[in-house]
Amino acid sequence: MFFKFFKKSKLPSDQIVFLHVPKTGGSTFVGLLKDSINISKEEQKKPSHIIDQIGNVQVKHIDFSTVERKFQFPELFGVQKDLTLPNNLKIFMLIRNPIDRMISEFNFQYHMLKGKDGNKNAAIISKLKPIPDSLKAYVNFKHTQNYQVKFLLGRKIADPSPVKPEEFNRVLSVIDDMTIHCGLTEDYSRFLSFFQSETGIKLKKKIIVRKKTPLELKLEVSQELKDEIIACNKYDQKLYEFVKNKLKEGSGAVNSNYKYNDDGGFVV
């Protein structure tokens, strides 16, 4: 099957795809692309979590058109054998330490989307009964666990079903076989540098952090709870370690002098 998902690019360069895993800093990256690439005023108005085409970069987010809110590109990590992609395709993705990501997601769902008040727009927390009133309670719902891996597998939002070992291994195999260029939220500069050097897209130096957790909501989390988060998210942790090891091996070597000066303060 020829992969028909991609629109024809208006630019004469290679086709590029960014897989937007929720709560990894993806909205900030997409916003940076919008600020760095010449697009129409109409496209500029589209929110960073919805816009799906920026120049020759396609962005694959959550599919907000359905209540399941699945990944827009589940076939990439699916079981089918006949998926073929263009040879010049370059795929990028950010993965996040599951501790930081879980803290960020809880704050976003509970406070910023007002899930604590029963707001249905908090699509994860509104499905949990009873609504958790603490990070610890949130972490212990199976619906919240291993969300990065579940998202890539095309699971519906707040899916309580556990990840199977063969599903996880398939995710790792696709990352290797498709040469998906992965970065870590905690090393944002490196990801931006690598993206810039691989695509030739010049990124602006000024970055507007989207969906940033207000400092007054920043949680102090005990080591015991951090250990519990890792234990409950073993596949997200393994994915994080997999990407971290690949970067150590030099598969994400940086050939650009791009520098984002606030890696340590990147709280989203």
# chains A, B, ... in the order shown; residues from 1 in each chain; ligands from 1
$ select_by_dssp --residues "stretch 189-253 of chain A" --states "alpha helix (DSSP H)" --output "number ranges by chain"
A: 189-199, 223-232, 234-248
$ write_last_selection --atoms "C-alpha atoms" --output "PDB file, in the first residue's frame"
ATOM      1  CA  SER A 189      18.110  22.193  22.664  1.00  0.00           C
ATOM      2  CA  ARG A 190      19.549  18.991  21.283  1.00  0.00           C
ATOM      3  CA  PHE A 191      16.258  18.034  19.661  1.00  0.00           C
ATOM      4  CA  LEU A 192      15.849  21.484  18.085  1.00  0.00           C
ATOM      5  CA  SER A 193      19.450  21.443  16.891  1.00  0.00           C
ATOM      6  CA  PHE A 194      19.082  18.022  15.310  1.00  0.00           C
ATOM      7  CA  PHE A 195      15.756  18.919  13.672  1.00  0.00           C
ATOM      8  CA  GLN A 196      17.265  22.086  12.235  1.00  0.00           C
ATOM      9  CA  SER A 197      20.373  20.345  10.904  1.00  0.00           C
ATOM     10  CA  GLU A 198      18.428  17.394   9.418  1.00  0.00           C
ATOM     11  CA  THR A 199      15.688  19.429   7.727  1.00  0.00           C
ATOM     12  CA  GLN A 223      11.030  10.171  46.010  1.00  0.00           C
ATOM     13  CA  GLU A 224       8.549   7.518  47.117  1.00  0.00           C
ATOM     14  CA  LEU A 225       5.908   8.876  44.748  1.00  0.00           C
ATOM     15  CA  LYS A 226       8.455   9.221  41.932  1.00  0.00           C
ATOM     16  CA  ASP A 227       9.338   5.558  42.374  1.00  0.00           C
ATOM     17  CA  GLU A 228       5.639   4.722  42.285  1.00  0.00           C
ATOM     18  CA  ILE A 229       5.199   6.625  39.015  1.00  0.00           C
ATOM     19  CA  ILE A 230       8.041   4.661  37.424  1.00  0.00           C
ATOM     20  CA  ALA A 231       6.617   1.371  38.717  1.00  0.00           C
ATOM     21  CA  CYS A 232       3.170   2.192  37.278  1.00  0.00           C
ATOM     22  CA  LYS A 234       7.232   0.696  33.206  1.00  0.00           C
ATOM     23  CA  TYR A 235       6.717   0.790  29.434  1.00  0.00           C
ATOM     24  CA  ASP A 236       6.886   4.575  29.245  1.00  0.00           C
ATOM     25  CA  GLN A 237      10.034   4.339  31.377  1.00  0.00           C
ATOM     26  CA  LYS A 238      11.520   1.727  29.038  1.00  0.00           C
ATOM     27  CA  LEU A 239      10.682   3.892  26.025  1.00  0.00           C
ATOM     28  CA  TYR A 240      12.325   6.879  27.692  1.00  0.00           C
ATOM     29  CA  GLU A 241      15.446   4.835  28.487  1.00  0.00           C
ATOM     30  CA  PHE A 242      15.502   3.449  24.943  1.00  0.00           C
ATOM     31  CA  VAL A 243      15.528   6.952  23.462  1.00  0.00           C
ATOM     32  CA  LYS A 244      18.059   8.166  26.016  1.00  0.00           C
ATOM     33  CA  ASN A 245      20.418   5.318  25.131  1.00  0.00           C
ATOM     34  CA  LYS A 246      20.044   5.965  21.409  1.00  0.00           C
ATOM     35  CA  LEU A 247      21.031   9.582  21.969  1.00  0.00           C
ATOM     36  CA  LYS A 248      24.044   8.494  24.015  1.00  0.00           C
TER      37      LYS A 248
END
$ residues_around --residues "stretch 167-184 of chain A" --least-positions-apart "3" --cutoff "7 Å" --atoms "only C-alpha atoms" --output "PyMOL selection string"
chain A and resi 77+91-96+163-164+187-188+191+243
$ closest_residue --among "A:Ile208, A:Ile99, A:Leu203, A:Val139" --to "A:Ile37" --atoms "only C-alpha atoms"
A:Leu203
$ select_by_dssp --residues "stretch 46-230 of chain A" --states "strand (DSSP E or B)" --output "tab-separated table (two decimals) with all heavy atoms, in the first residue's frame"
chain	number	residue	atom	x	y	z
A	53	GLN	N	-0.51	21.05	9.22
A	53	GLN	CA	0.44	21.28	8.13
A	53	GLN	C	1.10	22.63	8.32
A	53	GLN	O	0.41	23.65	8.42
A	53	GLN	CB	-0.26	21.23	6.78
A	53	GLN	CG	0.68	21.38	5.59
A	53	GLN	CD	1.33	20.07	5.18
A	53	GLN	OE1	0.73	19.02	5.33
A	53	GLN	NE2	2.54	20.14	4.66
A	54	ILE	N	2.44	22.65	8.41
A	54	ILE	CA	3.20	23.89	8.54
A	54	ILE	C	4.31	23.83	7.50
A	54	ILE	O	5.31	23.14	7.70
A	54	ILE	CB	3.79	24.06	9.95
A	54	ILE	CG1	2.70	23.90	11.02
A	54	ILE	CG2	4.49	25.41	10.08
A	54	ILE	CD1	3.24	23.80	12.43
A	57	VAL	N	6.04	20.48	6.74
A	57	VAL	CA	6.02	19.65	7.95
A	57	VAL	C	4.57	19.26	8.27
A	57	VAL	O	3.72	20.14	8.42
A	57	VAL	CB	6.62	20.39	9.17
A	57	VAL	CG1	6.62	19.47	10.39
A	57	VAL	CG2	8.03	20.88	8.87
A	58	GLN	N	4.32	17.97	8.34
A	58	GLN	CA	3.01	17.51	8.78
A	58	GLN	C	3.10	17.15	10.25
A	58	GLN	O	4.10	16.61	10.72
A	58	GLN	CB	2.56	16.29	7.98
A	58	GLN	CG	2.18	16.67	6.55
A	58	GLN	CD	1.18	15.72	5.96
A	58	GLN	OE1	0.36	15.14	6.67
A	58	GLN	NE2	1.22	15.55	4.65
A	59	VAL	N	2.04	17.48	10.99
A	59	VAL	CA	2.01	17.23	12.43
A	59	VAL	C	0.88	16.26	12.73
A	59	VAL	O	-0.25	16.46	12.29
A	59	VAL	CB	1.79	18.54	13.22
A	59	VAL	CG1	1.94	18.28	14.72
A	59	VAL	CG2	2.78	19.62	12.77
A	60	LYS	N	1.21	15.21	13.45
A	60	LYS	CA	0.23	14.19	13.81
A	60	LYS	C	-0.03	14.27	15.32
A	60	LYS	O	0.82	13.89	16.13
A	60	LYS	CB	0.73	12.80	13.42
A	60	LYS	CG	1.01	12.68	11.94
A	60	LYS	CD	-0.21	13.03	11.14
A	60	LYS	CE	0.13	13.32	9.68
A	60	LYS	NZ	-0.94	14.07	9.03
A	62	ILE	N	-3.24	14.23	18.65
A	62	ILE	CA	-4.48	13.58	19.03
A	62	ILE	C	-5.54	13.96	17.99
A	62	ILE	O	-5.56	15.08	17.49
A	62	ILE	CB	-4.96	14.08	20.42
A	62	ILE	CG1	-4.04	13.56	21.53
A	62	ILE	CG2	-6.40	13.68	20.70
A	62	ILE	CD1	-4.36	14.16	22.89
A	71	PHE	N	-4.53	8.69	18.43
A	71	PHE	CA	-3.44	9.19	17.62
A	71	PHE	C	-3.90	9.27	16.16
A	71	PHE	O	-4.56	8.36	15.66
A	71	PHE	CB	-2.27	8.23	17.78
A	71	PHE	CG	-1.00	8.60	17.07
A	71	PHE	CD1	-0.66	9.91	16.81
A	71	PHE	CD2	-0.12	7.59	16.69
A	71	PHE	CE1	0.53	10.23	16.18
A	71	PHE	CE2	1.07	7.90	16.07
A	71	PHE	CZ	1.39	9.21	15.80
A	84	THR	N	4.02	1.28	3.38
A	84	THR	CA	5.25	1.80	2.79
A	84	THR	C	5.22	3.31	2.83
A	84	THR	O	4.18	3.93	2.61
A	84	THR	CB	5.43	1.33	1.33
A	84	THR	OG1	4.29	1.73	0.57
A	84	THR	CG2	5.58	-0.19	1.27
A	90	LYS	N	11.13	12.08	6.63
A	90	LYS	CA	11.85	12.21	7.89
A	90	LYS	C	10.84	12.39	9.02
A	90	LYS	O	10.01	13.30	8.96
A	90	LYS	CB	12.82	13.40	7.85
A	90	LYS	CG	13.95	13.21	6.84
A	90	LYS	CD	14.88	14.42	6.81
A	90	LYS	CE	16.02	14.18	5.81
A	90	LYS	NZ	16.94	15.34	5.73
A	91	ILE	N	10.91	11.52	10.03
A	91	ILE	CA	9.95	11.54	11.12
A	91	ILE	C	10.66	11.90	12.42
A	91	ILE	O	11.72	11.36	12.73
A	91	ILE	CB	9.25	10.17	11.27
A	91	ILE	CG1	8.64	9.72	9.95
A	91	ILE	CG2	8.18	10.22	12.36
A	91	ILE	CD1	8.02	8.34	9.99
A	92	PHE	N	10.03	12.81	13.18
A	92	PHE	CA	10.60	13.29	14.44
A	92	PHE	C	9.57	13.11	15.57
A	92	PHE	O	8.37	13.17	15.33
A	92	PHE	CB	11.00	14.76	14.33
A	92	PHE	CG	12.08	15.03	13.33
A	92	PHE	CD1	11.76	15.20	11.98
A	92	PHE	CD2	13.41	15.10	13.72
A	92	PHE	CE1	12.75	15.43	11.04
A	92	PHE	CE2	14.41	15.35	12.78
A	92	PHE	CZ	14.08	15.50	11.45
A	93	MET	N	10.09	12.94	16.78
A	93	MET	CA	9.20	12.72	17.93
A	93	MET	C	9.93	13.08	19.22
A	93	MET	O	11.12	12.82	19.37
A	93	MET	CB	8.78	11.25	17.96
A	93	MET	CG	7.97	10.83	19.17
A	93	MET	SD	7.32	9.12	19.01
A	93	MET	CE	8.84	8.16	19.03
A	94	LEU	N	9.20	13.68	20.15
A	94	LEU	CA	9.72	13.95	21.50
A	94	LEU	C	9.12	12.96	22.49
A	94	LEU	O	7.92	12.67	22.44
A	94	LEU	CB	9.35	15.37	21.94
A	94	LEU	CG	10.23	16.51	21.43
A	94	LEU	CD1	9.52	17.85	21.60
A	94	LEU	CD2	11.57	16.54	22.17
A	95	ILE	N	9.96	12.44	23.37
A	95	ILE	CA	9.53	11.55	24.45
A	95	ILE	C	9.97	12.19	25.76
A	95	ILE	O	11.01	12.86	25.82
A	95	ILE	CB	10.15	10.14	24.29
A	95	ILE	CG1	9.60	9.47	23.04
A	95	ILE	CG2	9.91	9.27	25.52
A	95	ILE	CD1	8.10	9.22	23.05
A	181	HIS	N	13.46	9.89	14.32
A	181	HIS	CA	14.41	10.70	15.07
A	181	HIS	C	13.76	11.17	16.37
A	181	HIS	O	12.84	11.99	16.35
A	181	HIS	CB	14.87	11.90	14.24
A	181	HIS	CG	15.47	11.52	12.92
A	181	HIS	ND1	16.61	10.76	12.80
A	181	HIS	CD2	15.07	11.80	11.65
A	181	HIS	CE1	16.90	10.59	11.53
A	181	HIS	NE2	15.98	11.20	10.81
A	182	CYS	N	14.23	10.64	17.47
A	182	CYS	CA	13.62	10.94	18.77
A	182	CYS	C	14.47	11.92	19.57
A	182	CYS	O	15.71	11.90	19.49
A	182	CYS	CB	13.47	9.65	19.59
A	182	CYS	SG	12.42	8.42	18.81
A	183	GLY	N	13.79	12.76	20.33
A	183	GLY	CA	14.46	13.65	21.26
A	183	GLY	C	13.81	13.54	22.62
A	183	GLY	O	12.76	12.91	22.77
A	184	LEU	N	14.43	14.16	23.61
A	184	LEU	CA	13.90	14.17	24.97
A	184	LEU	C	13.53	15.59	25.37
A	184	LEU	O	14.27	16.54	25.08
A	184	LEU	CB	14.93	13.62	25.96
A	184	LEU	CG	15.32	12.14	25.79
A	184	LEU	CD1	16.44	11.79	26.75
A	184	LEU	CD2	14.12	11.22	25.99
$ closest_residue --among "A:Leu85, A:Gly154, A:Tyr110, A:Asp133" --to "A:Gln72" --atoms "only C-alpha atoms"
A:Gly154
$ atom_distance --atom1 "atom CA of A:Asp100" --atom2 "atom CA of A:Lys204"
26.0 Å
